[in-house]
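Engineer: Take this structure, written in structure tokens, and hold onto it; I'll ask about it next.
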Amino acid sequence: MQNSSKKVRVRFAPSPTGGLHLGGVRTVLYNYLFARKHKGDFILRIEDTDQTRFVKGAEQYIYDCLKWCGLEPDESTMHPGEYGPYRQSERKPLYKEYALQLIKDGHAYFAFDTPEELERMRSENKTEENPSPQYDAMFRMRMRNSLTLSAAETEALINAGTPYVIRIKIPQNETITFNDLIHHEVSFDASVVDDKVLLKADGMPTYHLAVVVDDFLMKITHAFRGEEWLSSAPVHILLWKYLFGLEHMPQWAHLPLILGPNGKLSKRDGAKFGFPVYAMNWTDPRTQEFTEGFREKGFLPEAFVNLLAMLGWNSGTEQEIFSIEELIENFSIERVHKSGAKFDYEKARWFNQEWIKRKTATSLLTSVKDLLSNNGLSVTDDAYLEKVIEMVKDRCTLISDFFEQSAYFFSAPATLDLEAVLTKWNESKTSFFQQLMASLQTNSSWNAAEIELVFKELAAKLNIKPGELQLPMRIMLVGGKFGPAVFEIAHTIGKEETISRIHYALNKINA
RNA sequence: GCCGCGUUGGUCAAGGGGUUAAGACGCCUCCCUUUCACGGAGGAAUCACGGGUUCGAUUCCCGUACGUGGUACCA
């Protein structure tokens, strides 16, 4: 069916109407992986044919998301190739001639029905069995269009400037069958598809016309899109057949949907269950509605891409952690599932944790530094920060966890979990820590082993179990019951700071 | 309503006519750790239902149920 020697060209074609959600990024990812795997091109095409839904900033946002994910297109509005323009609104004049050609060939017609007339037709013919009557073979002969009007009447209406749309004339008694890379053979009875509008009254094409024309003009070889498009595939197949010939049609792959905890994944789910749904933070400029993003939540792009890849696809092996290079190598569209997958935030967090563990402290430096500075902690000593990251990264699931896990390395804890020590406190412990401060002060070598030795010898001398003293020591230095080995922490923050924190805490405890 | 697509533990899933039906997340128990994690060892939990086909169906076919998408001059 397909000329396999043709260079692979795929596209992601979003409409700039808002944030980019999980499903969108995964569609990008599968396109990207496929293109890279086959040494092809990945194109970003902006489908802004609905001017009423256009949202300012959405296009830039999409581009920024792809950049953050490391899934940048080869051709786009930002980096045009030889098939531009890449924004459909800028290609407007192109589409009409194809629509006219269809009319000439008897596959489409002018329709003059006003929105009100359409509305009336639908409500008047609505029945229990047919709640949504379609503009189809049944009804088109009862409507105002070039099929029911004479050629002269049609021409007169057009010359008079009457608004019109162009509709496809869906054939009767035809079964439309095509081969989907994921679903294999899919077929529809043409009688159940309606005469979709191809060219709107404002002269803009609808998605149906635009996608076919542009995929042809941009030499797209494989068209991947969400499964919500499967139902309208027959319209696209017909258009390909009428306009360019089925032999040039790209191979379709309709990707399974990503579902939320109950049904289709929505922005609402994210807000309700506390997980991000968009790639990056997004605030709708019109409504000011804010939607949280994975990036700001503390996800690494590597983890985000990894977890998305595994939501609907797997390599068939037990491997779950994949770098982008490994994904490119192993990806195959045939292994994408048919069924939708429920998004599991806990598992998403696990992917991030695995990636944090795998990354070096050096590669984490910039993002952690930004995090700390956003929280009012400016770091000047990169080497020191790197050491801290190395010590705490096994304890972080999200990048944002680095704040709590490392802040005490830079300044004394604001609050101390005294509850944890007070219940078992006694005079001899106070005495222990007072003597400890003195011993540490005079001790010349400052390393973890040495500190531990001093600590334990003193404990033995006062006949206290060191275990009973380690937790208090931790609370004094860290503020809470977490973090790496206490003596490592003491060593890292330094002698002066250690003694100062013990001193401060002791006063608090005995206050 | 009609049409399309789908259905393996709670979730992601491997598998596919004969298996003890992988693995991962989460959950539980234990070990390590006198903190929290990491790590390690175990555990509970699954083929939606009903008919066929077959010596034998989780696997193939048909129904049903359920889920999901479409049914716009939105994409």
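To be explicit about the labels: the chains of the structure tokens are called A, B, and onward in the order shown, and within each one the residues are counted from 1, while ligands get numbers from 1 in the order they are shown.
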Using only C-alpha atoms (C1' of nucleotides), find which residues of chain A lie within 6 Å of chain B and jot them down as a ChimeraX atom specification.
Structural biologist: /A:129-130,200,228,231,318,339,347,394-395,467,481-483
Engineer: Residues of the last selection are to be written out with N, CA, C and O atoms, as a CSV table (one decimal), in the first residue's frame.
Structural biologist:
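Output (part31.csv):
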chain,number,residue,atom,x,y,z
A,129,GLU,N,-35.3,7.5,19.0
A,129,GLU,CA,-34.4,6.6,18.4
A,129,GLU,C,-33.2,7.4,17.8
A,129,GLU,O,-32.1,6.9,17.6
A,130,ASN,N,-33.5,8.6,17.4
A,130,ASN,CA,-32.5,9.4,16.7
A,130,ASN,C,-32.3,10.8,17.3
A,130,ASN,O,-32.8,11.7,16.8
A,200,LYS,N,-15.7,26.2,5.8
A,200,LYS,CA,-16.6,27.0,6.6
A,200,LYS,C,-17.0,28.3,5.9
A,200,LYS,O,-16.4,28.7,4.9
A,228,GLU,N,-9.8,9.5,19.4
A,228,GLU,CA,-11.0,10.3,19.3
A,228,GLU,C,-11.3,10.6,17.8
A,228,GLU,O,-12.4,11.0,17.4
A,231,SER,N,-13.5,7.8,14.6
A,231,SER,CA,-14.8,7.9,14.0
A,231,SER,C,-14.9,8.8,12.8
A,231,SER,O,-15.8,8.6,12.0
A,318,GLU,N,11.3,-6.9,30.3
A,318,GLU,CA,11.0,-6.4,31.6
A,318,GLU,C,11.5,-5.0,31.9
A,318,GLU,O,11.2,-4.4,32.9
A,339,SER,N,-6.1,-0.7,23.7
A,339,SER,CA,-7.0,-0.2,24.8
A,339,SER,C,-6.4,1.0,25.5
A,339,SER,O,-5.2,1.1,25.7
A,347,LYS,N,2.7,5.6,40.1
A,347,LYS,CA,3.7,5.0,39.3
A,347,LYS,C,4.5,6.1,38.5
A,347,LYS,O,5.7,5.9,38.4
A,394,ASP,N,18.8,10.0,47.0
A,394,ASP,CA,18.0,8.8,47.2
A,394,ASP,C,16.7,9.0,48.0
A,394,ASP,O,15.9,8.1,48.0
A,395,ARG,N,16.6,10.1,48.6
A,395,ARG,CA,15.4,10.4,49.4
A,395,ARG,C,14.4,11.3,48.7
A,395,ARG,O,13.4,11.7,49.3
A,467,GLY,N,22.4,5.1,71.0
A,467,GLY,CA,21.2,5.1,70.2
A,467,GLY,C,20.2,6.2,70.7
A,467,GLY,O,19.5,6.8,70.0
A,481,LYS,N,13.0,14.0,61.8
A,481,LYS,CA,13.5,12.6,61.7
A,481,LYS,C,13.7,12.2,60.2
A,481,LYS,O,13.0,11.4,59.7
A,482,PHE,N,14.7,12.8,59.6
A,482,PHE,CA,15.0,12.4,58.2
A,482,PHE,C,16.4,12.8,57.9
A,482,PHE,O,17.1,13.4,58.7
A,483,GLY,N,16.8,12.4,56.7
A,483,GLY,CA,18.2,12.7,56.2
A,483,GLY,C,19.2,11.6,56.4
A,483,GLY,O,18.9,10.6,57.0
Engineer: For Arg36 in chain A, work out the shell of residues within 12 Å, counting only C-alpha atoms (C1' of nucleotides) and skipping chain neighbours fewer than 6 positions away, then give it as a PyMOL selection string.
Structural biologist: chain A and resi 7-10+29-30+42-43+71-74+324-332
Engineer: Put those residues in a file: N, CA and C atoms, as an mmCIF file, in the first residue's frame.
Structural biologist:
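Result saved to again.cif:
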data_model
loop_
_atom_site.group_PDB
_atom_site.id
_atom_site.type_symbol
_atom_site.label_atom_id
_atom_site.label_comp_id
_atom_site.auth_asym_id
_atom_site.auth_seq_id
_atom_site.Cartn_x
_atom_site.Cartn_y
_atom_site.Cartn_z
ATOM 1 N N LYS A 7 10.751 8.681 2.201
ATOM 2 C CA LYS A 7 11.263 9.125 3.483
ATOM 3 C C LYS A 7 10.121 9.296 4.478
ATOM 4 N N VAL A 8 10.308 8.749 5.660
ATOM 5 C CA VAL A 8 9.274 8.843 6.680
ATOM 6 C C VAL A 8 9.090 10.295 7.117
ATOM 7 N N ARG A 9 7.838 10.740 7.107
ATOM 8 C CA ARG A 9 7.516 12.084 7.597
ATOM 9 C C ARG A 9 6.251 11.985 8.443
ATOM 10 N N VAL A 10 6.344 12.425 9.677
ATOM 11 C CA VAL A 10 5.190 12.379 10.570
ATOM 12 C C VAL A 10 4.927 13.776 11.103
ATOM 13 N N LEU A 29 5.386 12.229 21.440
ATOM 14 C CA LEU A 29 6.460 11.278 21.710
ATOM 15 C C LEU A 29 6.471 10.128 20.706
ATOM 16 N N TYR A 30 5.306 9.529 20.477
ATOM 17 C CA TYR A 30 5.260 8.394 19.562
ATOM 18 C C TYR A 30 5.620 8.823 18.138
ATOM 19 N N PHE A 42 10.068 14.943 11.657
ATOM 20 C CA PHE A 42 8.942 15.167 12.561
ATOM 21 C C PHE A 42 8.519 16.630 12.428
ATOM 22 N N ILE A 43 7.272 16.797 12.035
ATOM 23 C CA ILE A 43 6.769 18.139 11.742
ATOM 24 C C ILE A 43 5.745 18.584 12.778
ATOM 25 N N LEU A 71 11.703 16.961 22.677
ATOM 26 C CA LEU A 71 11.042 16.361 21.513
ATOM 27 C C LEU A 71 10.828 17.424 20.445
ATOM 28 N N GLU A 72 11.865 18.099 20.095
ATOM 29 C CA GLU A 72 11.709 19.212 19.172
ATOM 30 C C GLU A 72 11.533 18.748 17.725
ATOM 31 N N PRO A 73 10.627 19.418 17.040
ATOM 32 C CA PRO A 73 10.339 19.054 15.650
ATOM 33 C C PRO A 73 11.438 19.506 14.690
ATOM 34 N N ASP A 74 11.501 18.828 13.558
ATOM 35 C CA ASP A 74 12.468 19.217 12.536
ATOM 36 C C ASP A 74 11.948 20.396 11.726
ATOM 37 N N ILE A 324 15.751 8.323 26.232
ATOM 38 C CA ILE A 324 15.138 8.626 24.938
ATOM 39 C C ILE A 324 15.825 7.833 23.823
ATOM 40 N N GLU A 325 17.124 7.672 23.939
ATOM 41 C CA GLU A 325 17.846 6.906 22.918
ATOM 42 C C GLU A 325 17.373 5.450 22.903
ATOM 43 N N GLU A 326 17.181 4.898 24.096
ATOM 44 C CA GLU A 326 16.710 3.511 24.175
ATOM 45 C C GLU A 326 15.291 3.382 23.642
ATOM 46 N N LEU A 327 14.485 4.428 23.889
ATOM 47 C CA LEU A 327 13.117 4.399 23.378
ATOM 48 C C LEU A 327 13.136 4.393 21.855
ATOM 49 N N ILE A 328 13.972 5.247 21.290
ATOM 50 C CA ILE A 328 14.063 5.325 19.829
ATOM 51 C C ILE A 328 14.442 3.962 19.266
ATOM 52 N N GLU A 329 15.395 3.348 19.923
ATOM 53 C CA GLU A 329 15.876 2.060 19.431
ATOM 54 C C GLU A 329 14.812 0.970 19.529
ATOM 55 N N ASN A 330 14.056 0.989 20.611
ATOM 56 C CA ASN A 330 13.115 -0.109 20.860
ATOM 57 C C ASN A 330 11.679 0.112 20.408
ATOM 58 N N PHE A 331 11.341 1.366 20.133
ATOM 59 C CA PHE A 331 9.941 1.669 19.838
ATOM 60 C C PHE A 331 9.439 1.012 18.559
ATOM 61 N N SER A 332 8.216 0.533 18.634
ATOM 62 C CA SER A 332 7.563 0.106 17.403
ATOM 63 C C SER A 332 6.077 0.370 17.560
#
Engineer: Determine the nearest neighbour of A57 in chain B from the options B:A44, B:C32, B:G39, B:G17, counting only C-alpha atoms (C1' of nucleotides).
Structural biologist: B:G17
Engineer: Find, counting only C-alpha atoms, the residue in A:Leu398, A:Val192, A:Ile464, A:Cys65 that gets nearest to Glu354 in chain A.
Structural biologist: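 Ranking A:Leu398, A:Val192, A:Ile464, A:Cys65 by distance to Glu354 in chain A, first place goes to A:Leu398.
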Engineer: Give me, as an MDAnalysis selection string, the residues of range 113-205 of chain A that a backbone DSSP run labels helix (DSSP H, G or I).
Structural biologist: chainID A and resid 115:124 140:142 151:159 190:192
Engineer: Please provide as a PyMOL selection string all residues within 10 Å of Cys396 in chain A, with the sequence filter that same-chain residues fewer than 6 positions apart are discarded (counting only C-alpha atoms (C1' of nucleotides)).
Structural biologist: (chain A and resi 352-354+356-357+389+402-405) or (chain B and resi 37)
Engineer: Taking the DSSP secondary structure from the backbone, can you list the residues of range 269-449 of chain A that are strand (DSSP E), as a list in words?
Structural biologist: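 Answer for range 269-449 of chain A, restricted to strand (DSSP E): Trp282, Thr283, Phe290, Thr291, Ala341 and Lys342 of chain A.
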Engineer: Restricted to C-alpha atoms, what would the selected residues look like written as a PDB file, in the first residue's frame?
Structural biologist:
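And here is the file that came out, selection-v3.pdb:
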ATOM      1  CA  TRP A 282      -0.584  26.880  32.146  1.00  0.00           C
ATOM      2  CA  THR A 283      -2.858  29.772  32.901  1.00  0.00           C
ATOM      3  CA  PHE A 290      -4.577  27.677  36.278  1.00  0.00           C
ATOM      4  CA  THR A 291      -3.514  24.131  35.495  1.00  0.00           C
ATOM      5  CA  ALA A 341      -4.700   3.215  29.906  1.00  0.00           C
ATOM      6  CA  LYS A 342      -5.591   4.726  33.231  1.00  0.00           C
TER       7      LYS A 342
END
